[in-house]
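Structure data (mmCIF, C-alpha atoms) from protein08.cif:
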```cif
data_query
loop_
_atom_site.label_atom_id
_atom_site.label_comp_id
_atom_site.auth_asym_id
_atom_site.auth_seq_id
_atom_site.Cartn_x
_atom_site.Cartn_y
_atom_site.Cartn_z
CA MET A 1 -17.12 14.71 4.93
CA LEU A 2 -16.46 15.11 1.21
CA LEU A 3 -18.11 17.98 -0.63
CA SER A 4 -19.33 18.14 -4.22
CA ASP A 5 -16.29 20.22 -5.17
CA ASP A 6 -14.05 17.41 -3.87
CA ARG A 7 -15.11 15.24 -6.82
CA PRO A 8 -13.64 15.45 -10.31
CA ALA A 9 -16.04 17.46 -12.48
CA PHE A 10 -16.40 16.45 -16.11
CA ALA A 11 -16.73 20.10 -17.19
CA ARG A 12 -13.45 20.93 -15.44
CA GLU A 13 -11.12 17.92 -14.93
CA GLY A 14 -12.71 16.22 -17.95
CA ARG A 15 -12.58 19.26 -20.22
CA ASP A 16 -10.22 17.53 -22.68
CA TRP A 17 -10.64 13.96 -21.44
CA PRO A 18 -9.29 11.35 -23.87
CA ASN A 19 -11.99 10.06 -26.22
CA ARG A 20 -14.39 12.60 -24.70
CA GLU A 21 -16.80 12.20 -27.59
CA ALA A 22 -17.39 8.61 -26.43
CA SER A 23 -18.35 9.68 -22.89
CA ARG A 24 -21.83 9.59 -21.41
CA PHE A 25 -23.40 9.30 -17.98
CA VAL A 26 -25.59 6.33 -17.10
CA THR A 27 -27.67 5.63 -13.98
CA ALA A 28 -27.50 2.01 -12.80
CA GLY A 29 -27.82 0.36 -9.39
CA GLY A 30 -28.46 3.71 -7.73
CA LEU A 31 -25.17 5.17 -9.04
CA THR A 32 -24.39 7.60 -11.82
CA TRP A 33 -21.57 6.19 -13.91
CA HIS A 34 -19.22 7.81 -16.37
CA VAL A 35 -18.95 5.38 -19.28
CA GLN A 36 -17.11 5.58 -22.57
CA GLU A 37 -18.66 3.64 -25.45
CA ALA A 38 -17.37 3.45 -29.00
CA GLY A 39 -17.61 1.21 -32.04
CA ALA A 40 -19.96 -1.54 -33.14
CA GLY A 41 -19.73 -5.30 -33.06
CA PRO A 42 -19.34 -7.82 -30.24
CA PRO A 43 -19.36 -6.06 -26.85
CA LEU A 44 -15.95 -5.75 -25.18
CA LEU A 45 -15.78 -4.60 -21.54
CA LEU A 46 -12.68 -2.82 -20.21
CA ILE A 47 -12.20 -2.45 -16.44
CA HIS A 48 -9.38 -0.30 -15.09
CA GLY A 49 -7.46 -0.83 -11.86
CA THR A 50 -7.46 0.85 -8.46
CA GLY A 51 -6.85 4.60 -8.56
CA ALA A 52 -7.25 4.84 -12.32
CA ALA A 53 -10.22 5.66 -14.59
CA SER A 54 -11.31 5.32 -18.21
CA HIS A 55 -8.23 7.24 -19.33
CA SER A 56 -6.28 3.99 -18.79
CA TRP A 57 -7.58 2.90 -22.19
CA ARG A 58 -7.04 6.18 -24.05
CA GLY A 59 -4.71 4.68 -26.64
CA LEU A 60 -6.40 1.29 -26.98
CA LEU A 61 -10.05 2.30 -27.17
CA PRO A 62 -10.01 3.79 -30.71
CA HIS A 63 -8.21 0.73 -32.08
CA LEU A 64 -10.53 -1.76 -30.38
CA ALA A 65 -13.59 0.21 -31.52
CA ARG A 66 -12.83 -0.78 -35.11
CA ASP A 67 -13.98 -4.33 -34.34
CA PHE A 68 -15.96 -4.16 -31.06
CA ARG A 69 -18.57 -2.22 -29.17
CA VAL A 70 -16.14 -1.07 -26.49
CA ILE A 71 -17.51 -0.25 -23.02
CA ALA A 72 -15.10 1.40 -20.57
CA PRO A 73 -16.62 2.70 -17.32
CA ASP A 74 -15.03 4.59 -14.47
CA LEU A 75 -15.39 2.25 -11.48
CA PRO A 76 -17.47 3.54 -8.55
CA GLY A 77 -15.61 6.19 -6.59
CA HIS A 78 -13.12 6.64 -9.42
CA GLY A 79 -12.96 9.37 -12.04
CA PHE A 80 -16.42 10.78 -12.68
CA SER A 81 -18.53 7.90 -11.30
CA ASP A 82 -20.43 7.96 -8.00
CA PRO A 83 -18.89 6.20 -4.99
CA LEU A 84 -20.11 2.83 -3.75
CA PRO A 85 -20.42 2.31 0.03
CA ALA A 86 -18.07 -0.41 1.31
CA PRO A 87 -16.73 -1.28 -2.17
CA SER A 88 -15.73 -4.91 -1.59
CA LEU A 89 -14.93 -7.14 -4.55
CA PRO A 90 -18.39 -8.82 -4.59
CA ARG A 91 -20.18 -5.46 -4.28
CA MET A 92 -18.05 -3.92 -7.02
CA ALA A 93 -18.77 -6.89 -9.29
CA ARG A 94 -22.53 -6.63 -8.63
CA ALA A 95 -22.42 -2.91 -9.41
CA VAL A 96 -20.74 -3.58 -12.76
CA ALA A 97 -23.38 -6.25 -13.47
CA ASP A 98 -26.10 -3.65 -12.80
CA LEU A 99 -24.44 -1.29 -15.27
CA LEU A 100 -24.24 -3.97 -17.96
CA ARG A 101 -27.97 -4.71 -17.57
CA VAL A 102 -28.84 -1.05 -18.08
CA LEU A 103 -26.53 -0.92 -21.13
CA ASP A 104 -28.12 -4.15 -22.42
CA ALA A 105 -24.63 -5.53 -22.99
CA SER A 106 -23.43 -9.14 -22.82
CA PRO A 107 -19.66 -8.83 -23.29
CA GLN A 108 -18.02 -11.40 -25.54
CA VAL A 109 -14.57 -10.35 -24.38
CA VAL A 110 -13.67 -8.79 -21.01
CA ALA A 111 -10.32 -7.23 -20.20
CA GLY A 112 -9.14 -5.88 -16.88
CA HIS A 113 -6.00 -4.26 -15.56
CA SER A 114 -4.75 -5.20 -12.09
CA ALA A 115 -7.75 -5.16 -9.69
CA GLY A 116 -10.04 -4.76 -12.71
CA ALA A 117 -9.20 -8.33 -13.69
CA ALA A 118 -10.34 -9.53 -10.25
CA ILE A 119 -13.71 -7.82 -10.73
CA LEU A 120 -14.11 -9.53 -14.09
CA ALA A 121 -13.13 -12.94 -12.71
CA ARG A 122 -15.73 -12.52 -9.94
CA LEU A 123 -18.36 -11.54 -12.52
CA CYS A 124 -17.59 -14.66 -14.55
CA LEU A 125 -17.56 -16.97 -11.52
CA ASP A 126 -20.91 -15.58 -10.35
CA GLY A 127 -22.47 -16.09 -13.78
CA ALA A 128 -23.15 -12.38 -14.31
CA VAL A 129 -21.24 -12.46 -17.62
CA SER A 130 -20.31 -15.33 -19.94
CA PRO A 131 -17.60 -14.05 -22.27
CA ARG A 132 -15.57 -16.11 -24.72
CA LEU A 133 -12.32 -14.74 -23.28
CA LEU A 134 -11.05 -13.01 -20.14
CA VAL A 135 -7.92 -10.90 -20.59
CA GLY A 136 -5.90 -9.92 -17.53
CA LEU A 137 -3.25 -7.20 -17.79
CA ASN A 138 -0.93 -7.73 -14.80
CA ALA A 139 -3.99 -9.25 -13.18
CA ALA A 140 -4.23 -8.86 -9.38
CA LEU A 141 -5.98 -12.18 -8.70
CA LYS A 142 -4.22 -13.28 -5.51
CA PRO A 143 -3.91 -11.83 -2.01
CA PHE A 144 -0.60 -10.19 -1.17
CA PRO A 145 1.76 -12.88 0.17
CA GLY A 146 2.60 -13.32 3.84
CA MET A 147 2.21 -10.46 6.29
CA ALA A 148 1.64 -7.99 3.44
CA GLY A 149 -1.78 -9.57 2.99
CA PHE A 150 -2.71 -8.32 6.46
CA ILE A 151 -0.71 -5.10 6.64
CA PHE A 152 -1.70 -3.47 3.33
CA PRO A 153 -5.50 -3.76 3.75
CA ALA A 154 -5.24 -2.72 7.40
CA MET A 155 -3.17 0.32 6.46
CA ALA A 156 -5.64 1.24 3.70
CA ARG A 157 -8.52 0.93 6.18
CA ALA A 158 -6.76 3.20 8.67
CA LEU A 159 -6.13 5.80 5.98
CA PHE A 160 -9.64 5.48 4.58
CA LEU A 161 -11.27 5.98 8.00
CA ASN A 162 -9.28 9.16 8.61
CA PRO A 163 -11.27 11.92 6.83
CA VAL A 164 -8.17 14.11 6.59
CA THR A 165 -6.14 11.60 4.54
CA PRO A 166 -7.76 12.17 1.11
CA ARG A 167 -7.40 15.94 1.51
CA VAL A 168 -3.75 15.76 2.51
CA PHE A 169 -2.98 13.42 -0.37
CA ALA A 170 -4.86 15.61 -2.85
CA TRP A 171 -3.17 18.76 -1.55
CA SER A 172 0.28 17.20 -2.05
CA ALA A 173 -0.42 15.66 -5.48
CA ASP A 174 1.69 17.95 -7.63
CA ARG A 175 3.26 16.72 -10.85
CA ALA A 176 6.48 15.53 -9.18
CA ALA A 177 4.60 13.56 -6.51
CA VAL A 178 2.35 11.87 -9.08
CA GLU A 179 5.34 11.04 -11.25
CA ARG A 180 7.07 9.39 -8.26
CA LEU A 181 3.91 7.43 -7.46
CA ILE A 182 3.47 6.15 -11.02
CA HIS A 183 7.19 5.43 -11.40
CA GLY A 184 7.02 3.41 -8.18
CA THR A 185 4.66 0.94 -9.87
CA GLY A 186 7.19 0.33 -12.64
CA SER A 187 5.18 2.32 -15.19
CA THR A 188 6.49 4.83 -17.69
CA LEU A 189 3.87 7.36 -18.83
CA ASP A 190 4.11 10.38 -21.09
CA ARG A 191 3.31 13.87 -19.82
CA THR A 192 -0.32 13.64 -20.90
CA GLY A 193 -0.82 10.39 -19.01
CA LEU A 194 0.78 11.80 -15.87
CA ASP A 195 -1.36 14.95 -16.08
CA LEU A 196 -4.56 12.91 -16.27
CA TYR A 197 -3.61 11.03 -13.10
CA ARG A 198 -2.63 14.31 -11.42
CA ARG A 199 -6.04 15.84 -12.13
CA LEU A 200 -7.75 12.89 -10.47
CA PHE A 201 -5.37 12.59 -7.51
CA GLN A 202 -5.86 16.29 -6.73
CA LYS A 203 -9.53 15.59 -5.96
CA PRO A 204 -10.10 14.11 -2.47
CA ALA A 205 -13.13 12.06 -3.60
CA HIS A 206 -11.06 10.15 -6.15
CA VAL A 207 -8.38 9.46 -3.53
CA ALA A 208 -11.08 8.30 -1.10
CA GLY A 209 -12.52 6.01 -3.79
CA ALA A 210 -9.15 4.33 -4.33
CA LEU A 211 -8.45 3.99 -0.59
CA GLY A 212 -11.96 2.66 0.03
CA MET A 213 -11.51 0.01 -2.62
CA MET A 214 -8.19 -1.12 -1.14
CA ALA A 215 -9.60 -1.04 2.40
CA HIS A 216 -12.47 -3.38 1.53
CA TRP A 217 -10.55 -5.66 -0.84
CA ASP A 218 -10.21 -9.35 0.02
CA LEU A 219 -9.09 -11.80 -2.65
CA THR A 220 -9.15 -14.92 -0.47
CA ALA A 221 -12.48 -16.19 -1.80
CA LEU A 222 -11.56 -15.36 -5.39
CA ASP A 223 -8.25 -17.21 -5.02
CA ARG A 224 -10.13 -20.24 -3.71
CA ASP A 225 -12.76 -20.13 -6.49
CA LEU A 226 -10.41 -19.41 -9.39
CA PRO A 227 -9.98 -23.08 -10.46
CA ARG A 228 -13.74 -23.12 -11.20
CA LEU A 229 -13.25 -20.49 -13.89
CA ALA A 230 -14.11 -22.43 -17.02
CA LEU A 231 -13.53 -19.89 -19.77
CA PRO A 232 -10.22 -19.30 -21.59
CA MET A 233 -7.95 -16.65 -20.06
CA LEU A 234 -5.15 -14.62 -21.59
CA LEU A 235 -2.69 -13.24 -19.04
CA ILE A 236 -0.59 -10.37 -20.39
CA VAL A 237 2.33 -9.62 -18.07
CA GLY A 238 4.55 -6.56 -18.03
CA GLY A 239 7.80 -7.91 -16.65
CA GLN A 240 8.67 -4.67 -14.81
CA ASP A 241 5.47 -4.41 -12.75
CA ARG A 242 6.40 -3.61 -9.13
CA THR A 243 2.83 -3.75 -7.81
CA VAL A 244 1.61 -7.12 -9.10
CA ALA A 245 4.66 -9.34 -9.49
CA PRO A 246 4.86 -11.32 -12.75
CA ASP A 247 5.08 -14.48 -10.61
CA VAL A 248 1.39 -14.00 -9.75
CA SER A 249 0.34 -14.52 -13.36
CA PHE A 250 2.79 -17.39 -13.85
CA GLY A 251 1.33 -19.14 -10.80
CA ILE A 252 -2.25 -18.64 -12.01
CA ALA A 253 -1.37 -19.99 -15.44
CA ASP A 254 0.07 -23.09 -13.80
CA ARG A 255 -3.06 -23.60 -11.69
CA LEU A 256 -5.44 -23.20 -14.62
CA GLY A 257 -3.41 -25.34 -17.01
CA GLY A 258 -4.55 -25.27 -20.61
CA ARG A 259 -7.32 -22.75 -19.92
CA ALA A 260 -4.78 -19.94 -19.46
CA ARG A 261 -2.27 -18.60 -21.95
CA LEU A 262 0.47 -16.21 -20.79
CA GLU A 263 2.25 -13.51 -22.78
CA LEU A 264 5.27 -11.92 -21.13
CA LEU A 265 6.18 -8.41 -22.29
CA ARG A 266 9.74 -7.88 -21.11
CA GLY A 267 10.87 -4.41 -20.06
CA LEU A 268 7.33 -3.04 -19.67
#
```
I'd like the structure from this file rewritten - as structure tokens, please.
Amino acid sequence: MLLSDDRPAFAREGRDWPNREASRFVTAGGLTWHVQEAGAGPPLLLIHGTGAASHSWRGLLPHLARDFRVIAPDLPGHGFSDPLPAPSLPRMARAVADLLRVLDASPQVVAGHSAGAAILARLCLDGAVSPRLLVGLNAALKPFPGMAGFIFPAMARALFLNPVTPRVFAWSADRAAVERLIHGTGSTLDRTGLDLYRRLFQKPAHVAGALGMMAHWDLTALDRDLPRLALPMLLIVGGQDRTVAPDVSFGIADRLGGRARLELLRGL
């Protein structure tokens, strides 16, 4: 059982959170969300990936806020937002839709990193949002190939169901361990970026939120429905990503034809 002190606290872990002046807490769908909002103009929704939080957008948010009303929540169970029971892709998408209704926001552009792009694609397919453009940053829109598609979710479920796992992971999440974890994805972050991840990974509730999301994740239906996605899509691909292979985005671009444009960023 996770205790209140197992969760990241905004007064403590968020004491110098990036763009802290843009942060507020919003109740929607029975959850209390940490949301960062900045700027004015057409609404732009940013959704981070598994294990991350609003700090993913720390450098981009101020630039985007010059032209948009930027909305960047912490997903349920991540960062400073409440957890969502059984956070499957459809449930996560419905939760984000509840948040947007409370914020009275109809995003004109939506952008998601990794699993965040899958949430946005599900939102669009279900008619919960109707943006002019969906941007995927190394978008995780397909199940893992072959046996990995069975092994990874099963492993995440086993870890998630063991109440000791989040505590052991949090206890061992020193700076060196977090740096190895981030480096293993192909990412290169500065010290500030690594420290923000370390703060979150040292809290068992954040670890449990990430494991729970992976344990309940199934992209089979999304993969089947993706050709019905009618809006334009921009797929931005970091060529060095070791988690979501660039081939995933290339394959999606081929399937969607002229509706999808791909930008390859080599060496990133």
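Picture a line from CA of Ala38 (chain A) to CA of Met213 (chain A); it runs 27.2 Å.
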Around (-6.9, 17.8, -6.0) in the file's frame, which residues reach within 9 Å when counting all atoms listed in the file? Return as a PyMOL selection string?
-> chain A and resi 6-8+167+169-174+198-207
So which one's closest to Ile71 (chain A), A:Ser54, A:Ser88, A:Thr165, A:Thr220? Using only C-alpha atoms, please.
->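 Distance minimum relative to Ile71 (chain A) lands on A:Ser54.
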Contact residues around Tyr197 (chain A) with all atoms listed in the file at 8 Å, ignoring same-chain residues under 4 positions, as number ranges by chain = A: 52, 178, 193, 201
Which residues fall under the PyMOL selection byres ((chain A and resi 16-31) around 9) in this file, as a ChimeraX atom specification?
-> /A:10-15,32-38,54-55,57-59,61-62,76,80-84,94-103,196
If we count only C-alpha atoms, what is near Gly238 (chain A) at a cut-off of 7 Å, once residues fewer than 3 positions away on the same chain are taken out, given as number ranges by chain?
-> A: 138, 241, 264-268
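Counting all atoms listed in the file and comparing A:Ala215, A:Ala72, A:Ala210, A:Leu189, the residue that lies closest to Gly51 (chain A) is A:Ala210.
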Hey, which of A:Ala105, A:Ala176, A:Met233, A:Leu219 ends up closest to Gly136 (chain A)? Count all atoms listed in the file.
-> A:Met233
Give as an mmCIF file with C-alpha atoms, in the coordinates of the input the residues that the PyMOL selection byres ((chain A and resi 125) around 8) matches when applied to the coordinates above.
```
data_model
loop_
_atom_site.group_PDB
_atom_site.id
_atom_site.type_symbol
_atom_site.label_atom_id
_atom_site.label_comp_id
_atom_site.auth_asym_id
_atom_site.auth_seq_id
_atom_site.Cartn_x
_atom_site.Cartn_y
_atom_site.Cartn_z
ATOM 1 C CA ALA A 121 -13.130 -12.940 -12.710
ATOM 2 C CA ARG A 122 -15.730 -12.520 -9.940
ATOM 3 C CA LEU A 123 -18.360 -11.540 -12.520
ATOM 4 C CA CYS A 124 -17.590 -14.660 -14.550
ATOM 5 C CA ASP A 126 -20.910 -15.580 -10.350
ATOM 6 C CA GLY A 127 -22.470 -16.090 -13.780
ATOM 7 C CA ALA A 128 -23.150 -12.380 -14.310
ATOM 8 C CA ASP A 225 -12.760 -20.130 -6.490
ATOM 9 C CA LEU A 226 -10.410 -19.410 -9.390
ATOM 10 C CA ARG A 228 -13.740 -23.120 -11.200
ATOM 11 C CA LEU A 229 -13.250 -20.490 -13.890
#
```
Out of A:Ala93, A:Leu262, A:Ala118, A:Ala111, which residue has the shortest atom-to-atom distance to Leu134 (chain A) when counting all atoms listed in the file?
-> A:Ala111
From the list A:Ala221, A:Ala9, A:Leu64, A:Leu137, which residue is nearest Val248 (chain A) when using all atoms listed in the file?
->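 Smallest distance to Val248 (chain A) is found for A:Leu137.
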Atoms are missing here; could region 61-72 of chain A be completed with all heavy atoms and written as a PDB file, in the coordinates of the input?
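Below you can see out-v8.pdb, which holds the result:
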```
ATOM      1  N   LEU A  61      -8.616   2.261 -26.855  1.00  0.00           N
ATOM      2  CA  LEU A  61     -10.050   2.300 -27.170  1.00  0.00           C
ATOM      3  C   LEU A  61     -10.334   2.570 -28.655  1.00  0.00           C
ATOM      4  O   LEU A  61     -11.143   1.862 -29.267  1.00  0.00           O
ATOM      5  CB  LEU A  61     -10.753   3.320 -26.270  1.00  0.00           C
ATOM      6  CG  LEU A  61     -12.273   3.340 -26.333  1.00  0.00           C
ATOM      7  CD1 LEU A  61     -12.859   3.629 -24.949  1.00  0.00           C
ATOM      8  CD2 LEU A  61     -12.776   4.381 -27.315  1.00  0.00           C
ATOM      9  N   PRO A  62      -9.705   3.557 -29.288  1.00  0.00           N
ATOM     10  CA  PRO A  62     -10.010   3.790 -30.710  1.00  0.00           C
ATOM     11  C   PRO A  62      -9.663   2.613 -31.605  1.00  0.00           C
ATOM     12  O   PRO A  62     -10.365   2.337 -32.583  1.00  0.00           O
ATOM     13  CB  PRO A  62      -9.159   5.023 -31.058  1.00  0.00           C
ATOM     14  CG  PRO A  62      -8.887   5.690 -29.745  1.00  0.00           C
ATOM     15  CD  PRO A  62      -8.772   4.574 -28.757  1.00  0.00           C
ATOM     16  N   HIS A  63      -8.586   1.894 -31.274  1.00  0.00           N
ATOM     17  CA  HIS A  63      -8.210   0.730 -32.080  1.00  0.00           C
ATOM     18  C   HIS A  63      -9.205  -0.413 -31.898  1.00  0.00           C
ATOM     19  O   HIS A  63      -9.633  -1.048 -32.868  1.00  0.00           O
ATOM     20  CB  HIS A  63      -6.801   0.261 -31.705  1.00  0.00           C
ATOM     21  CG  HIS A  63      -5.726   1.251 -32.024  1.00  0.00           C
ATOM     22  ND1 HIS A  63      -5.311   1.516 -33.315  1.00  0.00           N
ATOM     23  CD2 HIS A  63      -4.988   2.052 -31.221  1.00  0.00           C
ATOM     24  CE1 HIS A  63      -4.364   2.432 -33.295  1.00  0.00           C
ATOM     25  NE2 HIS A  63      -4.146   2.777 -32.041  1.00  0.00           N
ATOM     26  N   LEU A  64      -9.588  -0.676 -30.657  1.00  0.00           N
ATOM     27  CA  LEU A  64     -10.530  -1.760 -30.380  1.00  0.00           C
ATOM     28  C   LEU A  64     -11.908  -1.463 -30.956  1.00  0.00           C
ATOM     29  O   LEU A  64     -12.642  -2.376 -31.336  1.00  0.00           O
ATOM     30  CB  LEU A  64     -10.626  -1.988 -28.869  1.00  0.00           C
ATOM     31  CG  LEU A  64      -9.351  -2.490 -28.196  1.00  0.00           C
ATOM     32  CD1 LEU A  64      -9.513  -2.472 -26.673  1.00  0.00           C
ATOM     33  CD2 LEU A  64      -8.995  -3.897 -28.659  1.00  0.00           C
ATOM     34  N   ALA A  65     -12.271  -0.178 -31.022  1.00  0.00           N
ATOM     35  CA  ALA A  65     -13.590   0.210 -31.520  1.00  0.00           C
ATOM     36  C   ALA A  65     -13.770  -0.078 -33.008  1.00  0.00           C
ATOM     37  O   ALA A  65     -14.889  -0.012 -33.519  1.00  0.00           O
ATOM     38  CB  ALA A  65     -13.843   1.692 -31.239  1.00  0.00           C
ATOM     39  N   ARG A  66     -12.698  -0.403 -33.703  1.00  0.00           N
ATOM     40  CA  ARG A  66     -12.830  -0.780 -35.110  1.00  0.00           C
ATOM     41  C   ARG A  66     -13.538  -2.126 -35.267  1.00  0.00           C
ATOM     42  O   ARG A  66     -14.132  -2.410 -36.317  1.00  0.00           O
ATOM     43  CB  ARG A  66     -11.460  -0.856 -35.771  1.00  0.00           C
ATOM     44  CG  ARG A  66     -10.708   0.469 -35.808  1.00  0.00           C
ATOM     45  CD  ARG A  66      -9.260   0.262 -36.242  1.00  0.00           C
ATOM     46  NE  ARG A  66      -8.485   1.502 -36.154  1.00  0.00           N
ATOM     47  CZ  ARG A  66      -7.167   1.556 -36.252  1.00  0.00           C
ATOM     48  NH1 ARG A  66      -6.473   0.433 -36.449  1.00  0.00           N
ATOM     49  NH2 ARG A  66      -6.538   2.711 -36.157  1.00  0.00           N
ATOM     50  N   ASP A  67     -13.452  -2.975 -34.236  1.00  0.00           N
ATOM     51  CA  ASP A  67     -13.980  -4.330 -34.340  1.00  0.00           C
ATOM     52  C   ASP A  67     -14.997  -4.672 -33.251  1.00  0.00           C
ATOM     53  O   ASP A  67     -15.672  -5.703 -33.347  1.00  0.00           O
ATOM     54  CB  ASP A  67     -12.840  -5.353 -34.253  1.00  0.00           C
ATOM     55  CG  ASP A  67     -11.833  -5.181 -35.374  1.00  0.00           C
ATOM     56  OD1 ASP A  67     -12.224  -5.339 -36.543  1.00  0.00           O
ATOM     57  OD2 ASP A  67     -10.665  -4.859 -35.073  1.00  0.00           O
ATOM     58  N   PHE A  68     -15.106  -3.844 -32.202  1.00  0.00           N
ATOM     59  CA  PHE A  68     -15.960  -4.160 -31.060  1.00  0.00           C
ATOM     60  C   PHE A  68     -16.811  -2.969 -30.673  1.00  0.00           C
ATOM     61  O   PHE A  68     -16.482  -1.820 -30.985  1.00  0.00           O
ATOM     62  CB  PHE A  68     -15.105  -4.545 -29.839  1.00  0.00           C
ATOM     63  CG  PHE A  68     -14.289  -5.791 -30.004  1.00  0.00           C
ATOM     64  CD1 PHE A  68     -12.967  -5.731 -30.439  1.00  0.00           C
ATOM     65  CD2 PHE A  68     -14.829  -7.037 -29.706  1.00  0.00           C
ATOM     66  CE1 PHE A  68     -12.200  -6.878 -30.573  1.00  0.00           C
ATOM     67  CE2 PHE A  68     -14.070  -8.191 -29.836  1.00  0.00           C
ATOM     68  CZ  PHE A  68     -12.753  -8.110 -30.279  1.00  0.00           C
ATOM     69  N   ARG A  69     -17.874  -3.258 -29.948  1.00  0.00           N
ATOM     70  CA  ARG A  69     -18.570  -2.220 -29.170  1.00  0.00           C
ATOM     71  C   ARG A  69     -17.852  -2.158 -27.833  1.00  0.00           C
ATOM     72  O   ARG A  69     -18.030  -3.006 -26.969  1.00  0.00           O
ATOM     73  CB  ARG A  69     -20.046  -2.582 -28.958  1.00  0.00           C
ATOM     74  CG  ARG A  69     -20.792  -1.634 -28.034  1.00  0.00           C
ATOM     75  CD  ARG A  69     -22.124  -2.220 -27.599  1.00  0.00           C
ATOM     76  NE  ARG A  69     -22.767  -1.384 -26.585  1.00  0.00           N
ATOM     77  CZ  ARG A  69     -23.839  -1.747 -25.869  1.00  0.00           C
ATOM     78  NH1 ARG A  69     -24.379  -2.953 -26.054  1.00  0.00           N
ATOM     79  NH2 ARG A  69     -24.346  -0.925 -24.968  1.00  0.00           N
ATOM     80  N   VAL A  70     -16.990  -1.168 -27.669  1.00  0.00           N
ATOM     81  CA  VAL A  70     -16.140  -1.070 -26.490  1.00  0.00           C
ATOM     82  C   VAL A  70     -16.885  -0.307 -25.389  1.00  0.00           C
ATOM     83  O   VAL A  70     -17.452   0.765 -25.628  1.00  0.00           O
ATOM     84  CB  VAL A  70     -14.817  -0.362 -26.807  1.00  0.00           C
ATOM     85  CG1 VAL A  70     -13.928  -0.325 -25.576  1.00  0.00           C
ATOM     86  CG2 VAL A  70     -14.102  -1.073 -27.955  1.00  0.00           C
ATOM     87  N   ILE A  71     -16.880  -0.865 -24.187  1.00  0.00           N
ATOM     88  CA  ILE A  71     -17.510  -0.250 -23.020  1.00  0.00           C
ATOM     89  C   ILE A  71     -16.451  -0.104 -21.938  1.00  0.00           C
ATOM     90  O   ILE A  71     -15.880  -1.099 -21.484  1.00  0.00           O
ATOM     91  CB  ILE A  71     -18.676  -1.120 -22.500  1.00  0.00           C
ATOM     92  CG1 ILE A  71     -19.727  -1.318 -23.594  1.00  0.00           C
ATOM     93  CG2 ILE A  71     -19.300  -0.506 -21.247  1.00  0.00           C
ATOM     94  CD1 ILE A  71     -20.743  -2.405 -23.266  1.00  0.00           C
ATOM     95  N   ALA A  72     -16.162   1.137 -21.551  1.00  0.00           N
ATOM     96  CA  ALA A  72     -15.100   1.400 -20.570  1.00  0.00           C
ATOM     97  C   ALA A  72     -15.624   2.354 -19.509  1.00  0.00           C
ATOM     98  O   ALA A  72     -15.598   3.576 -19.688  1.00  0.00           O
ATOM     99  CB  ALA A  72     -13.874   1.993 -21.267  1.00  0.00           C
TER     100      ALA A  72
END
```
